[in-house]
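Data first, discussion second: the structure below is written as C-alpha cells.
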Amino acid sequence: MAEKHFKYVILGGGVAAGYAAREFDKLGLKPGELAIISKEAVAPYERPALSKGYLFPEGAARLPGFHVCVGSGGERLLPEWYKEKGCIELILSTEIVKVDLASKILISASKTTFTYEILLIATGSTVIRLSDFGVQGADAKHIFYLRDLDDADQLVEAIKVKKGGKAVIVGGGYIGLELGAAMRINDYDVTMVYPEPWCMPRLFTAGLAAFYEGYYATKGLKIVKGTVAAGFDADANGDVCSVRLKDGRVLDADIVIVGVGGRPLTALFKGQVEEERGGIKTDGFFRTSVSGVYAIGDVATFPLKLYNEMRRVEHVDHARKSAEQAVKHIKETEGGEAVEEYDYLPYFYSRAFDLSWQFYGDNVGETVLFGDNNPESPKPKFGTYWIKDGKVVGAFLEGGTPEENKALAKIARIQPPVESTDLLTKEGIGFACKF
C-alpha cells in the first residue's frame, strides 16, 4: 500500500480548495508541503458558472476559462499553476474512502495512504436526490442534477439531443430558477414545479417572488406550485417521458432537472469531530474540535459574529473567504501575521435572463418593498429592506449598480435605525446610498 506524506492536505477540490491553495502560496510554502486531494478530474473551478454561462447556447463558458480565482477578479489558476509552483501537488480523480483524524491518516479507494500534519476539510456538499426518498422512476435516463462538471457536461449533451423539447424543473430555489432560465434560453418548453407557495422561500418575500414568477411567465415559463414530483415514467429506451405530480397532474418531459437542495459531505468524519446544525463545528478561525483539523466552505458551522449565532452557509462567497481565513490562521500559528476572528456578512446573488440581484445581511423581521417591480417593465429596479428591533438588518436589490450594491452591503453591516417604514418605501435605494 503506497504512502504519501504532506505537511498540509486540503481534502476536496472545489472553490474553497482553490482559494486556500492561493492563500498558502501567497503566505509561503516549501516544495512538496501542500496537496489537494480531489474526486474530480480537473483543477478547482468557479462552480457557479455551471448553472449560468456553461449552459448558454452560444458563447458558453468552458474550462480553462473559469478556473479559480477568476470569480472574485483574481488570477486564473490553471492546472499548470500548481505544477509551476512546485509546492502544491494536485491529486485528482482520487476518492478518499476512510479518514482517521486521530492518527492523521486518509485512505483512498485505490488503497493509497496519505498522512498529514494539518488537514483542511473542504469536501463541500452533495445534491439531494429524489431516489433518496424512494420516488418511483427517479433513476430514469435524462433526469439530471447539477453539482459538478460531469453533471453539466451530461446536461449539455442532452440539451443538444432533445433539442427544443419539454423540460421540467423540480424545485423553485436558486438552482431551479437559474436552470429554468437556462433551459428557456435553449428554446425548451419549460415547466417549474415546487411545493412552496412561492419561489426561493428561504430568502424571498411573497412580494419579491411575485416579480420573478411574473417575469418568468413573460418569458414563457409555466409554474406549478403547491405540489411535488411523485413519480416518473420512462419510454422503451429508459428515457424519462413524463412527470407524475402528487396532485394527479402529469407533465410531458424530455429532460427533468432536479434542484431540491444539498447536504454537506461530512460522513467520513462522523463520530470523530464535533458537529452542529448539520455541519462540522468550528471557531472563528475554522478550527474544529480536533487539533490540526480545519473545516471550510459548505461543511463548516461557524460563529456568525454579526448575529451572535452559529450558522452553516452554502455559498461561493463564504467558501472563498473561509478558505483564506483558515490558511491565514494556520500561518499565524507558524509565526505569521495575527488574524482577526472571522466576521462574515451573509451575501447571496443570482443572474438569470437579463436580471441580476444581490442580497446582504439577514432576512428576518418586518419587510419594506420599494421601487418598480412590474414584471413587464423594460428595466425593473426594486428591492426590499428587512427591519428588526427598529434597525435595517438585511437588504435586497434587483438591477442595482456596483455603487448601489456596495451601499446595500454597508447598511446590512452597520444596521442603521429606521424612523419610518413609509420613508424607507419612498426613499428606496436612496436610503442605503446616504451611508
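In the C-alpha cells, chains take letters A, B, ... by order of appearance, with residues numbered from 1 within each chain and ligands from 1 in the order shown.
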
Handout entry: For region 8-18 of chain A: contacts at 8 Å, only C-alpha atoms, fewer than 3 positions along chain excluded, given as a PyMOL selection string
Key = chain A and resi 21-22+33-40+43-47+68-69+77+116-124+296-297+316+319-320+322-323

Exercise for the section: Please run DSSP on the backbone and report, as JSON, numbers by chain, all residues within region 96-321 of chain A that come out as strand (DSSP E or B). Expected result: {"A": [96, 97, 98, 99, 100, 105, 106, 107, 108, 113, 114, 115, 116, 117, 118, 119, 120, 121, 125, 126, 127, 136, 141, 143, 144, 166, 167, 168, 169, 170, 189, 190, 191, 192, 193, 194, 222, 223, 224, 225, 229, 230, 231, 232, 233, 234, 239, 240, 241, 242, 243, 244, 245, 250, 251, 252, 255, 256, 257, 258, 262, 263, 264, 275, 276, 279, 280, 281, 287, 293, 294, 295, 300, 301, 302, 303, 304, 309, 310, 311, 312]}

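Taking only C-alpha atoms into account, Met183 (chain A) lies nearest to A:Gly53 out of the set A:Gly226, A:Pro195, A:Gly53, A:Gly207.
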
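If you look at CA of Glu376 (chain A) and CA of Tyr216 (chain A), they are 10.3 Å away from each other.
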
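Remark: for Arg312 (chain A), the closest of the candidate residues A:Lys7, A:Lys328, A:Arg263, A:Arg351 is A:Arg263 (distances computed over only C-alpha atoms).
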
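The two atoms in question, CA of Lys246 (chain A) and CA of Ala206 (chain A), are spaced 23.6 Å apart.
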
How close does each residue of region 265-369 of chain A get to region 99-114 of chain A, giving the shortest atom pair and distance in Å to one decimal for every residue with an atom at most 8 Å away, counting only C-alpha atoms, sorted by chain and residue number, as JSON lines?
```
{"residue": "A:Leu268", "atom": "CA", "partner": "A:Val99", "partner_atom": "CA", "distance": 6.1}
{"residue": "A:Phe269", "atom": "CA", "partner": "A:Val99", "partner_atom": "CA", "distance": 6.7}
{"residue": "A:Gln272", "atom": "CA", "partner": "A:Leu101", "partner_atom": "CA", "distance": 6.7}
{"residue": "A:Val290", "atom": "CA", "partner": "A:Leu101", "partner_atom": "CA", "distance": 7.5}
{"residue": "A:Val293", "atom": "CA", "partner": "A:Leu101", "partner_atom": "CA", "distance": 7.9}
```

Please produce a file of the residues just selected, as a compact mmCIF listing (two decimals), in the first residue's frame, where the atoms kept are C-alpha atoms.
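And here's again_3.txt as it stands now:
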```txt
# COMPACT_ATOMS: atom_id res chain seq x y z
CA LEU A 268 -16.24 10.44 6.52
CA PHE A 269 -15.78 12.35 9.79
CA GLN A 272 -14.51 11.85 15.10
CA VAL A 290 -9.69 18.09 16.59
CA VAL A 293 -8.03 19.93 11.56
```

Problem - Residue among A:Thr126, A:Ser72, A:Gln358, A:Asn405 lying closest to Leu265 (chain A), counting only C-alpha atoms - result: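 Under the stated criterion, the closest residue is A:Thr126.
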
Handout entry: Expected answer as an MDAnalysis selection string: helix (DSSP H, G or I) residues in region 93-329 of chain A
Key = chainID A and resid 130:133 149:161 174:185 206:218 267:269 297:299 305:307 316:329

Let me see the file: selected residues, C-alpha atoms, as a PDB file, in the first residue's frame.
```pdb
ATOM      1  CA  LEU A 130     -35.268  12.074  -5.343  1.00  0.00           C
ATOM      2  CA  SER A 131     -34.183   8.423  -5.199  1.00  0.00           C
ATOM      3  CA  ASP A 132     -33.194   9.134  -1.550  1.00  0.00           C
ATOM      4  CA  PHE A 133     -36.942   9.433  -0.856  1.00  0.00           C
ATOM      5  CA  LEU A 149     -18.561  19.443 -14.327  1.00  0.00           C
ATOM      6  CA  ASP A 150     -19.562  15.868 -15.249  1.00  0.00           C
ATOM      7  CA  ASP A 151     -23.187  16.673 -14.392  1.00  0.00           C
ATOM      8  CA  ALA A 152     -23.040  19.828 -16.521  1.00  0.00           C
ATOM      9  CA  ASP A 153     -21.476  18.003 -19.493  1.00  0.00           C
ATOM     10  CA  GLN A 154     -24.183  15.339 -19.420  1.00  0.00           C
ATOM     11  CA  LEU A 155     -26.875  18.028 -19.321  1.00  0.00           C
ATOM     12  CA  VAL A 156     -25.295  19.975 -22.217  1.00  0.00           C
ATOM     13  CA  GLU A 157     -25.248  16.786 -24.312  1.00  0.00           C
ATOM     14  CA  ALA A 158     -28.907  16.043 -23.511  1.00  0.00           C
ATOM     15  CA  ILE A 159     -29.918  19.624 -24.412  1.00  0.00           C
ATOM     16  CA  LYS A 160     -28.477  19.009 -27.897  1.00  0.00           C
ATOM     17  CA  VAL A 161     -30.015  15.538 -28.292  1.00  0.00           C
ATOM     18  CA  TYR A 174     -31.597  29.019  -6.549  1.00  0.00           C
ATOM     19  CA  ILE A 175     -30.754  26.177  -8.921  1.00  0.00           C
ATOM     20  CA  GLY A 176     -34.339  25.774 -10.105  1.00  0.00           C
ATOM     21  CA  LEU A 177     -34.658  29.433 -11.096  1.00  0.00           C
ATOM     22  CA  GLU A 178     -31.259  29.601 -12.801  1.00  0.00           C
ATOM     23  CA  LEU A 179     -31.749  26.326 -14.682  1.00  0.00           C
ATOM     24  CA  GLY A 180     -35.310  27.222 -15.655  1.00  0.00           C
ATOM     25  CA  ALA A 181     -33.923  30.358 -17.313  1.00  0.00           C
ATOM     26  CA  ALA A 182     -31.063  28.415 -18.943  1.00  0.00           C
ATOM     27  CA  MET A 183     -33.440  25.846 -20.472  1.00  0.00           C
ATOM     28  CA  ARG A 184     -35.743  28.578 -21.776  1.00  0.00           C
ATOM     29  CA  ILE A 185     -32.753  30.343 -23.373  1.00  0.00           C
ATOM     30  CA  ALA A 206     -44.083  36.975  -1.294  1.00  0.00           C
ATOM     31  CA  GLY A 207     -43.637  40.435  -2.859  1.00  0.00           C
ATOM     32  CA  LEU A 208     -40.183  39.663  -4.283  1.00  0.00           C
ATOM     33  CA  ALA A 209     -41.265  36.243  -5.527  1.00  0.00           C
ATOM     34  CA  ALA A 210     -44.313  37.693  -7.305  1.00  0.00           C
ATOM     35  CA  PHE A 211     -41.997  39.714  -9.555  1.00  0.00           C
ATOM     36  CA  TYR A 212     -39.755  36.774 -10.507  1.00  0.00           C
ATOM     37  CA  GLU A 213     -42.669  34.413 -11.104  1.00  0.00           C
ATOM     38  CA  GLY A 214     -44.357  37.094 -13.216  1.00  0.00           C
ATOM     39  CA  TYR A 215     -41.141  37.811 -15.146  1.00  0.00           C
ATOM     40  CA  TYR A 216     -40.574  34.112 -15.849  1.00  0.00           C
ATOM     41  CA  ALA A 217     -44.162  33.908 -17.139  1.00  0.00           C
ATOM     42  CA  THR A 218     -43.425  36.740 -19.608  1.00  0.00           C
ATOM     43  CA  ALA A 267     -19.989  11.234   6.549  1.00  0.00           C
ATOM     44  CA  LEU A 268     -16.236  10.441   6.522  1.00  0.00           C
ATOM     45  CA  PHE A 269     -15.777  12.352   9.788  1.00  0.00           C
ATOM     46  CA  GLY A 297     -16.885  26.225   2.988  1.00  0.00           C
ATOM     47  CA  ASP A 298     -20.216  24.370   2.958  1.00  0.00           C
ATOM     48  CA  VAL A 299     -19.254  21.840   5.654  1.00  0.00           C
ATOM     49  CA  LYS A 305     -20.254  37.237  14.747  1.00  0.00           C
ATOM     50  CA  LEU A 306     -22.671  39.860  13.403  1.00  0.00           C
ATOM     51  CA  TYR A 307     -25.698  37.940  14.721  1.00  0.00           C
ATOM     52  CA  VAL A 316     -19.358  30.596  -3.050  1.00  0.00           C
ATOM     53  CA  ASP A 317     -18.532  33.898  -1.311  1.00  0.00           C
ATOM     54  CA  HIS A 318     -18.220  32.171   2.072  1.00  0.00           C
ATOM     55  CA  ALA A 319     -16.280  29.271   0.504  1.00  0.00           C
ATOM     56  CA  ARG A 320     -13.658  31.720  -0.764  1.00  0.00           C
ATOM     57  CA  LYS A 321     -13.429  33.796   2.406  1.00  0.00           C
ATOM     58  CA  SER A 322     -13.459  30.912   4.892  1.00  0.00           C
ATOM     59  CA  ALA A 323     -10.614  29.246   2.956  1.00  0.00           C
ATOM     60  CA  GLU A 324      -8.493  32.379   3.143  1.00  0.00           C
ATOM     61  CA  GLN A 325      -9.283  32.841   6.841  1.00  0.00           C
ATOM     62  CA  ALA A 326      -8.253  29.285   7.774  1.00  0.00           C
ATOM     63  CA  VAL A 327      -4.942  29.484   5.898  1.00  0.00           C
ATOM     64  CA  LYS A 328      -4.136  32.876   7.446  1.00  0.00           C
ATOM     65  CA  HIS A 329      -4.686  31.351  10.885  1.00  0.00           C
TER      66      HIS A 329
END
```

8 Å contact set for Ile411 (chain A), only C-alpha atoms, chain neighbours under 6 positions out, as an mmCIF file with N, CA and C atoms, in the first residue's frame:
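Writing done, so here's out13.cif:
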```cif
data_model
loop_
_atom_site.group_PDB
_atom_site.id
_atom_site.type_symbol
_atom_site.label_atom_id
_atom_site.label_comp_id
_atom_site.auth_asym_id
_atom_site.auth_seq_id
_atom_site.Cartn_x
_atom_site.Cartn_y
_atom_site.Cartn_z
ATOM 1 N N VAL A 392 -32.307 48.344 10.198
ATOM 2 C CA VAL A 392 -32.206 47.574 8.955
ATOM 3 C C VAL A 392 -31.183 46.469 9.162
ATOM 4 N N VAL A 393 -31.596 45.213 8.963
ATOM 5 C CA VAL A 393 -30.669 44.090 9.155
ATOM 6 C C VAL A 393 -30.376 43.337 7.857
ATOM 7 N N GLY A 394 -31.195 43.601 6.831
ATOM 8 C CA GLY A 394 -30.979 42.928 5.550
ATOM 9 C C GLY A 394 -31.451 43.807 4.412
ATOM 10 N N ALA A 395 -30.844 43.616 3.234
ATOM 11 C CA ALA A 395 -31.212 44.449 2.080
ATOM 12 C C ALA A 395 -31.034 43.662 0.788
ATOM 13 N N ALA A 432 -30.114 53.673 1.421
ATOM 14 C CA ALA A 432 -28.825 52.976 1.599
ATOM 15 C C ALA A 432 -27.666 53.857 1.127
ATOM 16 N N PHE A 435 -25.510 56.338 3.309
ATOM 17 C CA PHE A 435 -24.478 55.905 4.248
ATOM 18 C C PHE A 435 -23.155 55.614 3.547
#
```

Exercise for the section: Point out the residue among A:Gly390, A:Pro378, A:Gly400, A:Gly284 with the least atom-to-atom distance to Glu366 (chain A), counting only C-alpha atoms. Expected result: A:Gly390

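Taking CA of Thr333 (chain A) and CA of Glu314 (chain A) as the two end points, the separation is 27.5 Å.
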
Exercise for the section: Quick one: everything within 8 Å of Val193 (chain A), counting only C-alpha atoms, minus sequence neighbours fewer than 3 positions away in the same chain. Send it as a ChimeraX atom specification. Expected result: /A:168-172,223-225,227-229
